[in-house]
Amino acid sequence: MPDAQSAGGGAGGTDTFPAVCGHTHLFPGARCRVQGLPDPAAFAAGPSPLDVDLRFSDGVLTAAELRTGTPAGPVLAVPAYTTAAGTTIDGRVWKVRDLVRTGDEVEIVLGGLASS
């Protein structure tokens, strides 16, 4: 089965996968469930770079990028966005504390902010 990076279609040769977040913003400990990966177990064990569309609990959708191979380990880079209530959230790069397979999905668990 092809990995997410070799599946093709998105920026840099990756597909874009939906990721459902349980809140309107991200914070240490926040979780987002990546859906539609061809092999969730393999991805959780050895992630590759991935483009994701984060869908927050208020329905706001924003593009983000899971980056691997950084000095901090995997990170989730999220550009600035505005919540449905009108709050502006600055762009941030989050350390990924854990990647956990949950059925057909992979849950990204965020740690603190990555240093710039």
# chains A, B, ... in the order shown; residues from 1 in each chain; ligands from 1
call {"tool": "residues_around", "arguments": {"residues": "A:Ile108", "least_positions_apart": "2", "cutoff": "9 Å", "atoms": "only C-alpha atoms", "output": "VMD selection string"}}
result
chain A and resid 19 30 to 34 44 76 96 to 100 106 110
call {"tool": "select_by_dssp", "arguments": {"residues": "stretch 6-92 of chain A", "states": "helix (DSSP H, G or I)", "output": "count of residues only"}}
result
11
call {"tool": "atom_distance", "arguments": {"atom1": "atom CA of A:Val20", "atom2": "atom CA of A:Thr102"}}
result
13.0 Å
call {"tool": "closest_residue", "arguments": {"among": "A:Thr88, A:Ser48, A:Thr83, A:Thr24", "to": "A:Thr68", "atoms": "only C-alpha atoms"}}
result
A:Ser48
call {"tool": "atom_distance", "arguments": {"atom1": "atom CA of A:Pro18", "atom2": "atom CA of A:Pro49"}}
result
14.3 Å
call {"tool": "closest_residue", "arguments": {"among": "A:Ala85, A:Ser57, A:Gly111, A:Gly103", "to": "A:Gly73", "atoms": "only C-alpha atoms"}}
result
A:Gly111
call {"tool": "select_by_dssp", "arguments": {"residues": "stretch 28-63 of chain A", "states": "strand (DSSP E or B)", "output": "list in words"}}
result
Arg31, Cys32, Arg33, Val34, Leu50, Asp51, Val52, Asp53, Leu54, Arg55, Leu61, Thr62 and Ala63 of chain A
call {"tool": "closest_residue", "arguments": {"among": "A:Asp104, A:Ser115, A:Gly29, A:Gly59", "to": "A:Ala42", "atoms": "only C-alpha atoms"}}
result
A:Asp104
call {"tool": "closest_residue", "arguments": {"among": "A:Ala45, A:Trp94, A:Glu105, A:Tyr81", "to": "A:Phe17", "atoms": "only C-alpha atoms"}}
result
A:Glu105
call {"tool": "residues_around", "arguments": {"residues": "A:Gly91", "least_positions_apart": "2", "cutoff": "10 Å", "atoms": "only C-alpha atoms", "output": "list in words"}}
result
Ala64, Ala77, Val78, Pro79, Ala80, Tyr81, Thr88, Ile89, Val93 and Trp94 of chain A
call {"tool": "write_last_selection", "arguments": {"atoms": "C-alpha atoms", "output": "compact mmCIF listing (two decimals), in the first residue's frame"}}
result
# COMPACT_ATOMS: atom_id res chain seq x y z
CA ALA A 64 -1.75 22.88 7.87
CA ALA A 77 2.67 24.04 11.18
CA VAL A 78 -0.60 25.97 11.28
CA PRO A 79 -1.02 29.37 9.58
CA ALA A 80 -3.01 32.20 11.16
CA TYR A 81 -6.78 31.77 10.96
CA THR A 88 -7.79 35.81 15.19
CA ILE A 89 -5.41 32.96 16.03
CA VAL A 93 4.33 25.57 14.83
CA TRP A 94 3.43 22.90 17.38
call {"tool": "atom_distance", "arguments": {"atom1": "atom CA of A:Leu113", "atom2": "atom CA of A:Leu37"}}
result
25.3 Å
call {"tool": "closest_residue", "arguments": {"among": "A:Ala84, A:Val109, A:Leu26, A:Ala41", "to": "A:Val60", "atoms": "only C-alpha atoms"}}
result
A:Ala84
call {"tool": "closest_residue", "arguments": {"among": "A:Pro40, A:Thr87, A:Cys21, A:Pro74", "to": "A:Leu61", "atoms": "only C-alpha atoms"}}
result
A:Cys21
call {"tool": "decode", "arguments": {"residues": "stretch 35-80 of chain A", "atoms": "N, CA and C atoms", "output": "PDB file, in the first residue's frame"}}
result
ATOM      1  N   GLN A  35      -7.902  11.636   9.012  1.00  0.00           N
ATOM      2  CA  GLN A  35      -8.757  10.622   8.395  1.00  0.00           C
ATOM      3  C   GLN A  35      -8.290  10.308   6.978  1.00  0.00           C
ATOM      4  N   GLY A  36      -8.559   9.077   6.547  1.00  0.00           N
ATOM      5  CA  GLY A  36      -8.337   8.700   5.155  1.00  0.00           C
ATOM      6  C   GLY A  36      -6.932   8.265   4.798  1.00  0.00           C
ATOM      7  N   LEU A  37      -6.055   8.091   5.790  1.00  0.00           N
ATOM      8  CA  LEU A  37      -4.702   7.622   5.485  1.00  0.00           C
ATOM      9  C   LEU A  37      -4.748   6.188   4.957  1.00  0.00           C
ATOM     10  N   PRO A  38      -3.936   5.849   3.961  1.00  0.00           N
ATOM     11  CA  PRO A  38      -3.973   4.498   3.402  1.00  0.00           C
ATOM     12  C   PRO A  38      -3.525   3.424   4.388  1.00  0.00           C
ATOM     13  N   ASP A  39      -2.616   3.718   5.306  1.00  0.00           N
ATOM     14  CA  ASP A  39      -2.128   2.745   6.284  1.00  0.00           C
ATOM     15  C   ASP A  39      -1.889   3.457   7.615  1.00  0.00           C
ATOM     16  N   PRO A  40      -2.951   3.645   8.407  1.00  0.00           N
ATOM     17  CA  PRO A  40      -2.824   4.408   9.648  1.00  0.00           C
ATOM     18  C   PRO A  40      -1.777   3.848  10.616  1.00  0.00           C
ATOM     19  N   ALA A  41      -1.674   2.537  10.729  1.00  0.00           N
ATOM     20  CA  ALA A  41      -0.710   1.941  11.664  1.00  0.00           C
ATOM     21  C   ALA A  41       0.717   2.284  11.255  1.00  0.00           C
ATOM     22  N   ALA A  42       1.022   2.166   9.985  1.00  0.00           N
ATOM     23  CA  ALA A  42       2.371   2.473   9.504  1.00  0.00           C
ATOM     24  C   ALA A  42       2.667   3.962   9.658  1.00  0.00           C
ATOM     25  N   PHE A  43       1.681   4.808   9.389  1.00  0.00           N
ATOM     26  CA  PHE A  43       1.900   6.242   9.509  1.00  0.00           C
ATOM     27  C   PHE A  43       2.157   6.638  10.964  1.00  0.00           C
ATOM     28  N   ALA A  44       1.396   6.076  11.898  1.00  0.00           N
ATOM     29  CA  ALA A  44       1.596   6.394  13.317  1.00  0.00           C
ATOM     30  C   ALA A  44       2.976   5.942  13.784  1.00  0.00           C
ATOM     31  N   ALA A  45       3.451   4.815  13.265  1.00  0.00           N
ATOM     32  CA  ALA A  45       4.759   4.282  13.664  1.00  0.00           C
ATOM     33  C   ALA A  45       5.918   5.047  13.029  1.00  0.00           C
ATOM     34  N   GLY A  46       5.731   5.547  11.816  1.00  0.00           N
ATOM     35  CA  GLY A  46       6.798   6.255  11.106  1.00  0.00           C
ATOM     36  C   GLY A  46       6.220   7.294  10.183  1.00  0.00           C
ATOM     37  N   PRO A  47       5.824   8.450  10.729  1.00  0.00           N
ATOM     38  CA  PRO A  47       5.138   9.451   9.910  1.00  0.00           C
ATOM     39  C   PRO A  47       6.026  10.048   8.827  1.00  0.00           C
ATOM     40  N   SER A  48       5.378  10.453   7.753  1.00  0.00           N
ATOM     41  CA  SER A  48       6.040  11.178   6.665  1.00  0.00           C
ATOM     42  C   SER A  48       5.365  12.544   6.558  1.00  0.00           C
ATOM     43  N   PRO A  49       5.990  13.507   5.873  1.00  0.00           N
ATOM     44  CA  PRO A  49       5.349  14.821   5.729  1.00  0.00           C
ATOM     45  C   PRO A  49       3.939  14.674   5.143  1.00  0.00           C
ATOM     46  N   LEU A  50       3.046  15.531   5.619  1.00  0.00           N
ATOM     47  CA  LEU A  50       1.643  15.387   5.256  1.00  0.00           C
ATOM     48  C   LEU A  50       0.961  16.743   5.264  1.00  0.00           C
ATOM     49  N   ASP A  51       0.177  17.018   4.237  1.00  0.00           N
ATOM     50  CA  ASP A  51      -0.683  18.199   4.220  1.00  0.00           C
ATOM     51  C   ASP A  51      -2.038  17.790   4.785  1.00  0.00           C
ATOM     52  N   VAL A  52      -2.559  18.608   5.705  1.00  0.00           N
ATOM     53  CA  VAL A  52      -3.855  18.313   6.309  1.00  0.00           C
ATOM     54  C   VAL A  52      -4.746  19.539   6.248  1.00  0.00           C
ATOM     55  N   ASP A  53      -6.034  19.306   6.177  1.00  0.00           N
ATOM     56  CA  ASP A  53      -7.047  20.352   6.303  1.00  0.00           C
ATOM     57  C   ASP A  53      -7.645  20.207   7.693  1.00  0.00           C
ATOM     58  N   LEU A  54      -7.270  21.118   8.600  1.00  0.00           N
ATOM     59  CA  LEU A  54      -7.798  21.073   9.958  1.00  0.00           C
ATOM     60  C   LEU A  54      -9.219  21.607   9.972  1.00  0.00           C
ATOM     61  N   ARG A  55     -10.126  20.828  10.529  1.00  0.00           N
ATOM     62  CA  ARG A  55     -11.511  21.278  10.718  1.00  0.00           C
ATOM     63  C   ARG A  55     -11.731  21.403  12.217  1.00  0.00           C
ATOM     64  N   PHE A  56     -11.919  22.655  12.653  1.00  0.00           N
ATOM     65  CA  PHE A  56     -12.118  22.923  14.072  1.00  0.00           C
ATOM     66  C   PHE A  56     -13.578  22.714  14.458  1.00  0.00           C
ATOM     67  N   SER A  57     -13.857  22.660  15.763  1.00  0.00           N
ATOM     68  CA  SER A  57     -15.204  22.352  16.245  1.00  0.00           C
ATOM     69  C   SER A  57     -16.249  23.386  15.833  1.00  0.00           C
ATOM     70  N   ASP A  58     -15.814  24.608  15.487  1.00  0.00           N
ATOM     71  CA  ASP A  58     -16.756  25.637  15.045  1.00  0.00           C
ATOM     72  C   ASP A  58     -16.970  25.629  13.529  1.00  0.00           C
ATOM     73  N   GLY A  59     -16.386  24.633  12.850  1.00  0.00           N
ATOM     74  CA  GLY A  59     -16.576  24.492  11.406  1.00  0.00           C
ATOM     75  C   GLY A  59     -15.522  25.177  10.564  1.00  0.00           C
ATOM     76  N   VAL A  60     -14.626  25.945  11.193  1.00  0.00           N
ATOM     77  CA  VAL A  60     -13.570  26.628  10.446  1.00  0.00           C
ATOM     78  C   VAL A  60     -12.590  25.595   9.902  1.00  0.00           C
ATOM     79  N   LEU A  61     -12.182  25.795   8.676  1.00  0.00           N
ATOM     80  CA  LEU A  61     -11.253  24.901   7.988  1.00  0.00           C
ATOM     81  C   LEU A  61      -9.998  25.685   7.627  1.00  0.00           C
ATOM     82  N   THR A  62      -8.821  25.128   7.927  1.00  0.00           N
ATOM     83  CA  THR A  62      -7.569  25.766   7.537  1.00  0.00           C
ATOM     84  C   THR A  62      -6.557  24.701   7.152  1.00  0.00           C
ATOM     85  N   ALA A  63      -5.720  25.023   6.191  1.00  0.00           N
ATOM     86  CA  ALA A  63      -4.670  24.109   5.752  1.00  0.00           C
ATOM     87  C   ALA A  63      -3.544  24.122   6.776  1.00  0.00           C
ATOM     88  N   ALA A  64      -2.900  22.984   6.967  1.00  0.00           N
ATOM     89  CA  ALA A  64      -1.748  22.876   7.867  1.00  0.00           C
ATOM     90  C   ALA A  64      -0.805  21.836   7.290  1.00  0.00           C
ATOM     91  N   GLU A  65       0.364  21.745   7.894  1.00  0.00           N
ATOM     92  CA  GLU A  65       1.369  20.819   7.380  1.00  0.00           C
ATOM     93  C   GLU A  65       2.034  20.081   8.534  1.00  0.00           C
ATOM     94  N   LEU A  66       2.014  18.762   8.464  1.00  0.00           N
ATOM     95  CA  LEU A  66       2.780  17.947   9.400  1.00  0.00           C
ATOM     96  C   LEU A  66       4.168  17.793   8.798  1.00  0.00           C
ATOM     97  N   ARG A  67       5.169  18.272   9.516  1.00  0.00           N
ATOM     98  CA  ARG A  67       6.548  18.198   9.048  1.00  0.00           C
ATOM     99  C   ARG A  67       7.296  17.176   9.893  1.00  0.00           C
ATOM    100  N   THR A  68       8.124  16.402   9.239  1.00  0.00           N
ATOM    101  CA  THR A  68       8.934  15.409   9.952  1.00  0.00           C
ATOM    102  C   THR A  68      10.399  15.717   9.697  1.00  0.00           C
ATOM    103  N   GLY A  69      11.268  15.101  10.471  1.00  0.00           N
ATOM    104  CA  GLY A  69      12.699  15.291  10.264  1.00  0.00           C
ATOM    105  C   GLY A  69      13.213  16.623  10.768  1.00  0.00           C
ATOM    106  N   THR A  70      12.474  17.310  11.621  1.00  0.00           N
ATOM    107  CA  THR A  70      12.947  18.574  12.191  1.00  0.00           C
ATOM    108  C   THR A  70      13.730  18.264  13.464  1.00  0.00           C
ATOM    109  N   PRO A  71      14.579  19.181  13.931  1.00  0.00           N
ATOM    110  CA  PRO A  71      15.301  18.954  15.193  1.00  0.00           C
ATOM    111  C   PRO A  71      14.358  18.677  16.369  1.00  0.00           C
ATOM    112  N   ALA A  72      13.144  19.231  16.327  1.00  0.00           N
ATOM    113  CA  ALA A  72      12.168  19.015  17.398  1.00  0.00           C
ATOM    114  C   ALA A  72      11.373  17.727  17.205  1.00  0.00           C
ATOM    115  N   GLY A  73      11.649  16.980  16.129  1.00  0.00           N
ATOM    116  CA  GLY A  73      10.826  15.826  15.783  1.00  0.00           C
ATOM    117  C   GLY A  73       9.657  16.298  14.940  1.00  0.00           C
ATOM    118  N   PRO A  74       8.575  15.509  14.840  1.00  0.00           N
ATOM    119  CA  PRO A  74       7.433  15.933  14.037  1.00  0.00           C
ATOM    120  C   PRO A  74       6.813  17.211  14.613  1.00  0.00           C
ATOM    121  N   VAL A  75       6.417  18.114  13.721  1.00  0.00           N
ATOM    122  CA  VAL A  75       5.733  19.339  14.128  1.00  0.00           C
ATOM    123  C   VAL A  75       4.533  19.565  13.217  1.00  0.00           C
ATOM    124  N   LEU A  76       3.551  20.296  13.735  1.00  0.00           N
ATOM    125  CA  LEU A  76       2.380  20.677  12.957  1.00  0.00           C
ATOM    126  C   LEU A  76       2.423  22.189  12.764  1.00  0.00           C
ATOM    127  N   ALA A  77       2.605  22.622  11.511  1.00  0.00           N
ATOM    128  CA  ALA A  77       2.667  24.045  11.183  1.00  0.00           C
ATOM    129  C   ALA A  77       1.279  24.508  10.757  1.00  0.00           C
ATOM    130  N   VAL A  78       0.749  25.470  11.507  1.00  0.00           N
ATOM    131  CA  VAL A  78      -0.604  25.966  11.276  1.00  0.00           C
ATOM    132  C   VAL A  78      -0.545  27.466  11.013  1.00  0.00           C
ATOM    133  N   PRO A  79      -1.039  27.930   9.855  1.00  0.00           N
ATOM    134  CA  PRO A  79      -1.025  29.367   9.579  1.00  0.00           C
ATOM    135  C   PRO A  79      -2.072  30.091  10.433  1.00  0.00           C
ATOM    136  N   ALA A  80      -2.005  31.410  10.455  1.00  0.00           N
ATOM    137  CA  ALA A  80      -3.013  32.200  11.160  1.00  0.00           C
ATOM    138  C   ALA A  80      -4.393  31.908  10.558  1.00  0.00           C
TER     139      ALA A  80
END
